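This report concerns only the one structure given below.
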Amino acid sequence: MPMSYEPSKDGASIGECVTLDATATLPTRYGAFTSYVFRVNDTGAEHLALVMGDVESKQSVLTRLHSECLTGDVLGSYRCDCGEQLDLALRYIAAEGCGVLLYLRGHEGRGIGLSNKIRAYALQEQGRDTVEANLDLGLPDDSREYDSAAAILRLLKVTSVRLMSNNPKKFDSLSKHGIPVCERVALAIPMREENERYIRTKQLKFGHYFEENE
């Protein structure tokens with residue numbers, strides 16, 4: 001099963017090499033997926049790809065790059081919209097019968113890890129926003145990388161995507177590595193009182209898209 005790919009150099013950016021470590025069928029409440037575990041060789045991070053249908057050499061494949069979020073994805077935290085975005089993305093893929101979801105591990109708290117994320121939560125309870133809290137802890141506001149996600153899509157032989165995302169950094173990273181984004185598919189999650197400041201901060205400080213009327 002050995003399979004690895006290293007994205008080509010583009011300016012000063014060099015993608016990290018990823019290797020396929022394991023694959024199996026994964027039946028879920030959304031339907032059956034083929035699961036692939038890819039390891040990022042430089043860091044040891046393990047990313048999960050869930051693939052439904054035949055995506056090889058296909059264009060405009062419905063795709064989600066989803067950052068790991070234990071509190072939102074597993075526990076249903078209302079501090080963020082991560083769990084609801086994950087659910088909606090899988091529902092969209094299931095409805096189409098074809099698509100890819102990459103579950104990117106090591107991205108907890110925009111890359112600061114679970115313990116620091118909870119420390120940042122404590123600072124947010126004192127009035128700091130998500131960016132200010134990270135910086136107060138001496139940590140980056142966002143240290144996530146998506147080069148390995150592009151490498152995985154290359155290995156899956158996806159040629160272009162319709163990306164389910166509100167984050168412009170994901171679009172830029174895929175385009176940089178030669179995976180065109182044909183369309184942005186909005187994941188419109190209604191704001192809650194508990195996550196409104198979180199979402200507004202993503203808009204104002206990271207340029208995330210948000211559909212006000214949805």
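Chains: A, B, ... in order of the structure tokens. Residues: from 1 per chain. Ligands: from 1, in order shown.
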
If we count only C-alpha atoms, what is near stretch 30-37 of chain A at a cut-off of 10 Å, once residues fewer than 5 positions away on the same chain are taken out, given as a PyMOL selection string? chain A and resi 18-25+46-53+87+90-95+97-103+152+156

Those of stretch 55-195 of chain A in DSSP strand (DSSP E or B), formatted as a PyMOL selection string: chain A and resi 61-67+99-104+161-164+181-185

If DSSP is run on the backbone, what residues of stretch 139-197 of chain A are alpha helix (DSSP H)? A reply as a PyMOL selection string would be ideal. chain A and resi 147-155+168-176+196-197

From the list A:Leu135, A:Cys69, A:Cys80, A:Leu75, which residue is nearest A:Glu194 when using only C-alpha atoms? A:Cys80

I'd like to know which of A:Asp136, A:Glu68, A:Glu196, A:Glu84 is closest to A:Arg110, using only C-alpha atoms.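 Checking each of A:Asp136, A:Glu68, A:Glu196, A:Glu84 against A:Arg110, counting only C-alpha atoms, the winner is A:Glu68.
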
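Taking only C-alpha atoms into account, A:Asn166 lies nearest to A:Arg184 out of the set A:Arg184, A:Lys117, A:Lys58, A:Arg29.
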
Which of these residues is nearest to A:Leu65, using only C-alpha atoms: A:Ser175, A:Asn167, A:Asn116, A:Ser77? A:Asn167
